[in-house]
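Dumped upload_27.txt below, it's compact mmCIF, C-alpha atoms:
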```txt
# COMPACT_ATOMS: atom_id res chain seq x y z
CA MET A 1 0.00 0.00 0.00
CA LYS A 2 2.80 2.41 0.88
CA GLY A 3 4.46 1.56 -2.41
CA CYS A 4 1.31 2.53 -4.33
CA LEU A 5 1.08 5.87 -2.52
CA LEU A 6 4.70 6.65 -3.24
CA LEU A 7 4.21 5.80 -6.91
CA LEU A 8 1.09 7.98 -7.08
CA LEU A 9 2.88 10.97 -5.47
CA LEU A 10 5.82 10.54 -7.86
CA LEU A 11 3.48 10.60 -10.89
CA LEU A 12 1.69 13.71 -9.60
CA GLY A 13 5.02 15.53 -9.10
CA THR A 14 6.12 14.71 -12.68
CA VAL A 15 2.84 15.98 -14.19
CA SER A 16 3.02 19.23 -12.17
CA ALA A 17 6.60 19.88 -13.32
CA LEU A 18 5.65 19.36 -16.97
CA TYR A 19 2.66 21.71 -16.61
CA LEU A 20 4.75 24.48 -15.09
CA GLU A 21 7.41 24.16 -17.78
CA ASN A 22 4.87 24.44 -20.61
CA ASP A 23 2.99 27.29 -18.95
CA ALA A 24 6.04 29.51 -18.33
CA PRO A 25 6.83 32.04 -21.12
CA HIS A 26 10.13 31.66 -23.00
CA VAL A 27 12.17 34.67 -24.14
CA GLY A 28 12.63 33.15 -27.58
CA SER A 29 8.96 32.30 -28.12
CA PRO A 30 6.93 34.18 -30.76
CA GLU A 31 4.46 35.39 -28.10
CA THR A 32 7.19 36.99 -26.01
CA GLN A 33 8.88 38.52 -29.07
CA ALA A 34 5.57 40.12 -30.09
CA ASP A 35 5.13 41.57 -26.60
CA LEU A 36 8.65 43.03 -26.67
CA SER A 37 8.00 44.58 -30.07
CA GLN A 38 4.84 46.21 -28.79
CA ASP A 39 6.72 47.57 -25.77
CA ALA A 40 9.38 49.01 -28.07
CA GLU A 41 6.77 50.66 -30.27
CA GLY A 42 4.96 52.06 -27.26
CA SER A 43 8.14 53.71 -26.00
CA GLY A 44 8.49 55.89 -29.14
CA GLY A 45 7.79 59.63 -29.29
CA GLN A 46 4.23 60.84 -29.46
CA GLU A 47 2.86 62.46 -32.60
CA GLY A 48 2.91 66.24 -32.39
CA GLU A 49 5.80 66.28 -29.93
CA LEU A 50 6.77 69.74 -28.73
CA ALA A 51 10.53 70.12 -29.15
CA LEU A 52 12.20 73.13 -27.58
CA SER A 53 15.78 71.97 -28.05
CA GLY A 54 17.64 73.10 -31.15
CA GLU A 55 20.01 70.15 -31.13
CA VAL A 56 19.60 66.50 -32.11
CA VAL A 57 22.34 63.85 -31.91
CA GLU A 58 22.38 61.53 -34.91
CA SER A 59 24.61 58.94 -36.52
CA GLY A 60 27.16 59.78 -39.18
CA GLY A 61 25.52 57.32 -41.57
CA GLU A 62 22.33 59.32 -41.64
CA GLU A 63 24.27 62.53 -42.22
CA ALA A 64 25.70 60.96 -45.36
CA GLU A 65 22.20 59.99 -46.52
CA ASP A 66 20.93 63.51 -45.87
CA ALA A 67 23.75 65.00 -47.90
CA HIS A 68 22.87 62.66 -50.78
CA ASP A 69 19.17 63.59 -50.54
CA ASP A 70 19.93 67.30 -50.83
CA GLU A 71 22.62 66.89 -53.49
CA GLY A 72 21.95 69.23 -56.39
CA ASP A 73 19.49 71.33 -54.44
CA SER A 74 21.88 74.09 -53.52
CA GLU A 75 25.53 74.60 -54.31
CA SER A 76 26.22 75.67 -50.74
CA ASP A 77 23.63 76.65 -48.13
CA PRO A 78 19.91 76.02 -48.51
CA ASP A 79 19.36 79.65 -47.44
CA ASP A 80 21.67 81.12 -50.09
CA LEU A 81 19.58 83.52 -52.13
CA ASP A 82 18.80 82.75 -55.75
CA GLU A 83 19.63 85.73 -57.98
CA ASP A 84 17.28 84.56 -60.74
CA VAL A 85 13.92 85.30 -59.12
CA GLN A 86 10.64 85.83 -60.92
CA CYS A 87 7.98 87.20 -58.60
CA PRO A 88 4.68 85.32 -58.51
CA LYS A 89 1.58 86.74 -60.17
CA GLU A 90 -1.16 87.99 -57.89
CA GLU A 91 -3.46 85.10 -58.82
CA GLU A 92 -0.79 82.65 -57.60
CA THR A 93 -0.93 84.03 -54.06
CA VAL A 94 -3.39 84.15 -51.15
CA GLN A 95 -3.04 86.73 -48.38
CA LEU A 96 -3.81 86.30 -44.69
CA LEU A 97 -4.22 89.50 -42.69
CA GLY A 98 -3.71 89.35 -38.95
CA THR A 99 -3.26 86.35 -36.66
CA PRO A 100 -3.90 85.75 -32.96
CA GLY A 101 -1.59 88.04 -30.99
CA CYS A 102 -0.46 90.06 -34.03
CA LYS A 103 -3.22 91.82 -35.94
CA SER A 104 -0.72 93.84 -37.97
CA CYS A 105 1.23 90.80 -39.18
CA ARG A 106 0.88 89.87 -42.84
CA TYR A 107 1.35 86.44 -44.40
CA LEU A 108 1.25 85.43 -48.02
CA MET A 109 0.79 81.91 -49.38
CA VAL A 110 2.56 81.36 -52.71
CA GLN A 111 0.77 78.41 -54.28
CA THR A 112 3.29 77.80 -57.05
CA PRO A 113 5.66 75.05 -55.76
CA ASN A 114 9.37 75.87 -55.53
CA ILE A 115 12.53 74.46 -54.01
CA PHE A 116 13.40 75.87 -50.60
CA ARG A 117 16.14 78.25 -51.75
CA LYS A 118 13.91 79.74 -54.47
CA ALA A 119 11.02 80.10 -51.99
CA LEU A 120 13.24 81.98 -49.53
CA SER A 121 14.53 84.24 -52.29
CA ILE A 122 11.00 85.10 -53.43
CA CYS A 123 9.94 85.99 -49.87
CA LYS A 124 12.94 88.30 -49.46
CA LYS A 125 13.21 89.90 -52.87
CA CYS A 126 9.56 90.14 -53.92
CA TYR A 127 7.92 90.94 -50.57
CA GLY A 128 10.75 92.25 -48.39
CA GLY A 129 10.05 89.51 -45.87
CA ASN A 130 11.07 85.95 -45.03
CA LEU A 131 9.74 82.43 -44.87
CA ILE A 132 7.34 82.09 -41.98
CA SER A 133 8.57 81.25 -38.47
CA ILE A 134 6.30 79.61 -35.88
CA HIS A 135 6.73 80.05 -32.13
CA ASN A 136 3.63 78.58 -30.49
CA LEU A 137 0.97 75.93 -30.98
CA LEU A 138 -1.90 78.39 -31.44
CA PHE A 139 -0.18 80.03 -34.39
CA ASP A 140 0.82 76.64 -35.84
CA ASN A 141 -2.82 75.52 -35.78
CA CYS A 142 -3.96 78.80 -37.32
CA ILE A 143 -1.51 78.55 -40.22
CA SER A 144 -2.19 74.85 -40.89
CA ARG A 145 -5.97 75.39 -40.99
CA TRP A 146 -5.60 78.38 -43.30
CA ALA A 147 -3.36 76.45 -45.71
CA ARG A 148 -5.67 73.43 -45.63
CA ARG A 149 -8.68 75.58 -46.58
CA ILE A 150 -6.94 76.53 -49.82
CA ASN A 151 -6.17 72.87 -50.59
CA GLN A 152 -2.48 72.73 -49.71
CA ALA A 153 -1.23 69.50 -48.13
CA LYS A 154 2.32 70.64 -47.28
CA VAL A 155 4.14 73.97 -47.26
CA TRP A 156 7.68 75.14 -46.62
CA ILE A 157 8.33 76.92 -43.32
CA GLY A 158 11.52 78.81 -42.59
CA VAL A 159 13.55 76.15 -40.77
CA ILE A 160 17.10 75.24 -41.82
CA ILE A 161 19.00 72.28 -40.34
CA LYS A 162 22.77 72.66 -39.95
CA LEU A 163 25.31 69.89 -39.37
CA TRP A 164 27.87 70.18 -36.59
CA SER A 165 29.79 66.91 -36.24
CA ILE A 166 27.22 64.41 -34.88
CA TYR A 167 24.75 67.21 -34.02
CA LYS A 168 22.02 68.79 -36.08
CA THR A 169 20.95 72.28 -35.08
CA PHE A 170 17.81 74.11 -36.15
CA ARG A 171 17.36 77.80 -36.90
CA TRP A 172 14.79 80.12 -38.43
CA THR A 173 15.73 81.96 -41.61
CA ASP A 174 14.38 85.24 -40.17
CA GLY A 175 16.88 85.04 -37.28
CA SER A 176 14.23 84.68 -34.57
CA ARG A 177 14.90 82.53 -31.51
CA TRP A 178 14.34 78.76 -31.72
CA ASN A 179 11.85 78.16 -28.90
CA PHE A 180 9.20 75.87 -30.37
CA GLY A 181 8.86 72.78 -32.54
CA TYR A 182 5.85 70.63 -33.42
CA TRP A 183 7.31 67.46 -34.92
CA ALA A 184 5.48 64.47 -36.35
CA ARG A 185 6.12 61.00 -34.90
CA GLY A 186 9.77 59.96 -35.32
CA GLN A 187 10.84 63.47 -36.31
CA PRO A 188 13.27 65.13 -36.44
CA GLY A 189 15.60 62.29 -35.42
CA ASN A 190 14.47 59.77 -38.03
CA GLY A 191 13.82 62.25 -40.84
CA LYS A 192 15.97 63.10 -43.84
CA GLY A 193 16.74 66.44 -45.45
CA HIS A 194 17.98 69.83 -44.26
CA CYS A 195 14.72 71.74 -44.66
CA VAL A 196 11.32 71.41 -42.96
CA ASP A 197 7.76 71.28 -44.24
CA LEU A 198 4.50 71.71 -42.35
CA SER A 199 1.72 69.20 -42.97
CA THR A 200 -1.60 71.01 -43.01
CA LYS A 201 -3.33 67.90 -41.65
CA GLY A 202 -2.54 68.36 -37.97
CA GLY A 203 0.15 71.01 -38.38
CA HIS A 204 3.05 68.61 -37.73
CA TRP A 205 6.56 69.27 -39.02
CA ARG A 206 8.79 66.91 -41.01
CA ARG A 207 12.30 67.15 -42.37
CA ALA A 208 12.42 67.17 -46.16
CA PRO A 209 15.03 67.40 -48.94
CA CYS A 210 15.43 71.09 -49.82
CA LYS A 211 15.20 70.30 -53.55
CA ARG A 212 11.57 69.22 -53.12
CA ARG A 213 9.09 71.65 -54.69
CA LEU A 214 6.36 72.86 -52.34
CA PRO A 215 4.09 75.88 -51.89
CA PHE A 216 5.36 78.23 -49.18
CA ILE A 217 4.31 81.00 -46.80
CA CYS A 218 6.05 84.37 -46.61
CA SER A 219 5.80 86.72 -43.64
CA TYR A 220 6.35 90.43 -44.28
```

I'd like the structure from this file rewritten - as structure tokens, please.
Amino acid sequence: MKGCLLLLLLLLGTVSALYLENDAPHVGSPETQADLSQDAEGSGGQEGELALSGEVVESGGEEAEDAHDDEGDSESDPDDLDEDVQCPKEEETVQLLGTPGCKSCRYLMVQTPNIFRKALSICKKCYGGNLISIHNLLFDNCISRWARRINQAKVWIGVIIKLWSIYKTFRWTDGSRWNFGYWARGQPGNGKGHCVDLSTKGGHWRRAPCKRRLPFICSY
């Protein structure tokens, strides 16, 4: 009788051990790998992230890709003025008078797409102004809604990205202080290009090759 009880206890212990082994998660299992992937995705930046810093550390490999993306766009700086400028016709532009906090400010949307350098030159030489700079979320929303109403998906804004070793620094072409950024998910760290566009769907910013042709907004 004692032998039967011992045998029964031994069998129960073996079954319990097998159950615990099968029930425990393994690091290499597909279920655990999926969970880790979800955790990694969840740890990323949120869309519409406010970025106050003007510096981003990036790898040298991406700098090389950025240089290739912008190759042929500008012989030197993206903010070098283009001497050959033809001012837009009135029917190619839409004017916005006054914005929250600045009723005397004037902004002009040029709907004819141009590369960044040409856009900057037009703002300066044709209107005595500059590409628009944005310093708060209220103004960003105002500009994106205005541009969306006239059927523009993306527009140039006056941001230039400079390379300093492994750092990228951001500055406004009008010389104003860098104190605000409204970047899309993964930007600006995972973006490419030395210029920045504003998406009128949500007002988020993305890096873009400066040779891309986009409508643009001048402030004057």

- May I ask which of the residues A:Ile134, A:Val155, A:Val85, A:Ile150 is the closest one to Arg177 in chain A, counting all atoms listed in the file?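 Among the listed residues, A:Ile134 lies closest to Arg177 in chain A.
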
Wanna dump the range 85-153 of chain A-range 206-220 of chain A contacts at 6 Å for me, each residue with its shortest atom pair and the distance in Å to one decimal, counting only C-alpha atoms, ordered by chain and number, as JSON lines?
```
{"residue": "A:Arg106", "atom": "CA", "partner": "A:Tyr220", "partner_atom": "CA", "distance": 5.7}
{"residue": "A:Tyr107", "atom": "CA", "partner": "A:Ser219", "partner_atom": "CA", "distance": 4.5}
{"residue": "A:Leu108", "atom": "CA", "partner": "A:Cys218", "partner_atom": "CA", "distance": 5.1}
{"residue": "A:Met109", "atom": "CA", "partner": "A:Ile217", "partner_atom": "CA", "distance": 4.5}
{"residue": "A:Val110", "atom": "CA", "partner": "A:Phe216", "partner_atom": "CA", "distance": 5.5}
{"residue": "A:Gln111", "atom": "CA", "partner": "A:Pro215", "partner_atom": "CA", "distance": 4.8}
{"residue": "A:Thr112", "atom": "CA", "partner": "A:Pro215", "partner_atom": "CA", "distance": 5.6}
{"residue": "A:Pro113", "atom": "CA", "partner": "A:Leu214", "partner_atom": "CA", "distance": 4.1}
{"residue": "A:Asn114", "atom": "CA", "partner": "A:Arg213", "partner_atom": "CA", "distance": 4.3}
{"residue": "A:Ile115", "atom": "CA", "partner": "A:Arg213", "partner_atom": "CA", "distance": 4.5}
{"residue": "A:Phe116", "atom": "CA", "partner": "A:Cys210", "partner_atom": "CA", "distance": 5.3}
{"residue": "A:Cys123", "atom": "CA", "partner": "A:Cys218", "partner_atom": "CA", "distance": 5.3}
{"residue": "A:Gly129", "atom": "CA", "partner": "A:Tyr220", "partner_atom": "CA", "distance": 4.1}
{"residue": "A:Asn130", "atom": "CA", "partner": "A:Cys218", "partner_atom": "CA", "distance": 5.5}
{"residue": "A:Leu131", "atom": "CA", "partner": "A:Cys218", "partner_atom": "CA", "distance": 4.5}
{"residue": "A:Ile132", "atom": "CA", "partner": "A:Ser219", "partner_atom": "CA", "distance": 5.2}
```

Keeping C-alpha atoms, export the residues of the selection given above as an mmCIF file, in the frame of the given file.
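Contents of result.cif, as written:
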```
data_model
loop_
_atom_site.group_PDB
_atom_site.id
_atom_site.type_symbol
_atom_site.label_atom_id
_atom_site.label_comp_id
_atom_site.auth_asym_id
_atom_site.auth_seq_id
_atom_site.Cartn_x
_atom_site.Cartn_y
_atom_site.Cartn_z
ATOM 1 C CA ARG A 106 0.880 89.870 -42.840
ATOM 2 C CA TYR A 107 1.350 86.440 -44.400
ATOM 3 C CA LEU A 108 1.250 85.430 -48.020
ATOM 4 C CA MET A 109 0.790 81.910 -49.380
ATOM 5 C CA VAL A 110 2.560 81.360 -52.710
ATOM 6 C CA GLN A 111 0.770 78.410 -54.280
ATOM 7 C CA THR A 112 3.290 77.800 -57.050
ATOM 8 C CA PRO A 113 5.660 75.050 -55.760
ATOM 9 C CA ASN A 114 9.370 75.870 -55.530
ATOM 10 C CA ILE A 115 12.530 74.460 -54.010
ATOM 11 C CA PHE A 116 13.400 75.870 -50.600
ATOM 12 C CA CYS A 123 9.940 85.990 -49.870
ATOM 13 C CA GLY A 129 10.050 89.510 -45.870
ATOM 14 C CA ASN A 130 11.070 85.950 -45.030
ATOM 15 C CA LEU A 131 9.740 82.430 -44.870
ATOM 16 C CA ILE A 132 7.340 82.090 -41.980
#
```

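When CA of Gln187 in chain A is paired with CA of Cys105 in chain A, their separation reads 29.1 Å.
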
From the list A:Leu138, A:Lys125, A:Gly202, A:Trp172, the nearest residue to Ile157 in chain A using only C-alpha atoms is A:Trp172

**Coordinates-based distance that separates CA of Arg145 in chain A from CA of Gly181 in chain A (Å, one decimal)** =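 These atoms are spaced 17.3 Å apart.
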
One decimal place gives the CA of Gln152 in chain A-CA of Arg117 in chain A separation as 19.5 Å

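Among A:Tyr182, A:Tyr127, A:Ser104, A:Tyr167, the residue with the shortest atom-to-atom distance to Gln86 in chain A, counting all atoms listed in the file, is A:Tyr127.
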
Near Lys162 in chain A, within 9 Å and counting only C-alpha atoms, which residues show up once chain neighbours fewer than 5 positions away are dropped, as a compact mmCIF listing (two decimals) with C-alpha atoms, in the coordinates of the input?
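Output saved as selection.txt:
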```txt
# COMPACT_ATOMS: atom_id res chain seq x y z
CA TYR A 167 24.75 67.21 -34.02
CA LYS A 168 22.02 68.79 -36.08
CA THR A 169 20.95 72.28 -35.08
CA PHE A 170 17.81 74.11 -36.15
CA ARG A 171 17.36 77.80 -36.90
CA HIS A 194 17.98 69.83 -44.26
```

- Task: Please identify all polymer residues within 10 Å of Ser199 in chain A, counting all atoms listed in the file, omitting same-chain residues fewer than 3 positions from it, and present them as a list of chain:residue names.
- Result: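 Using all atoms listed in the file, the neighbours found are A:Ser144, A:Ala147, A:Arg148, A:Gln152, A:Ala153, A:Lys154, A:Val155, A:Trp156, A:Trp183, A:Ala184, A:Val196, A:Gly202, A:Gly203, A:His204, A:Trp205, A:Arg206.
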
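Here the question is which of A:Asn179, A:Asn190, A:Cys195, A:Phe139 gets nearest to Ile161 in chain A using only C-alpha atoms, and that residue is A:Cys195.
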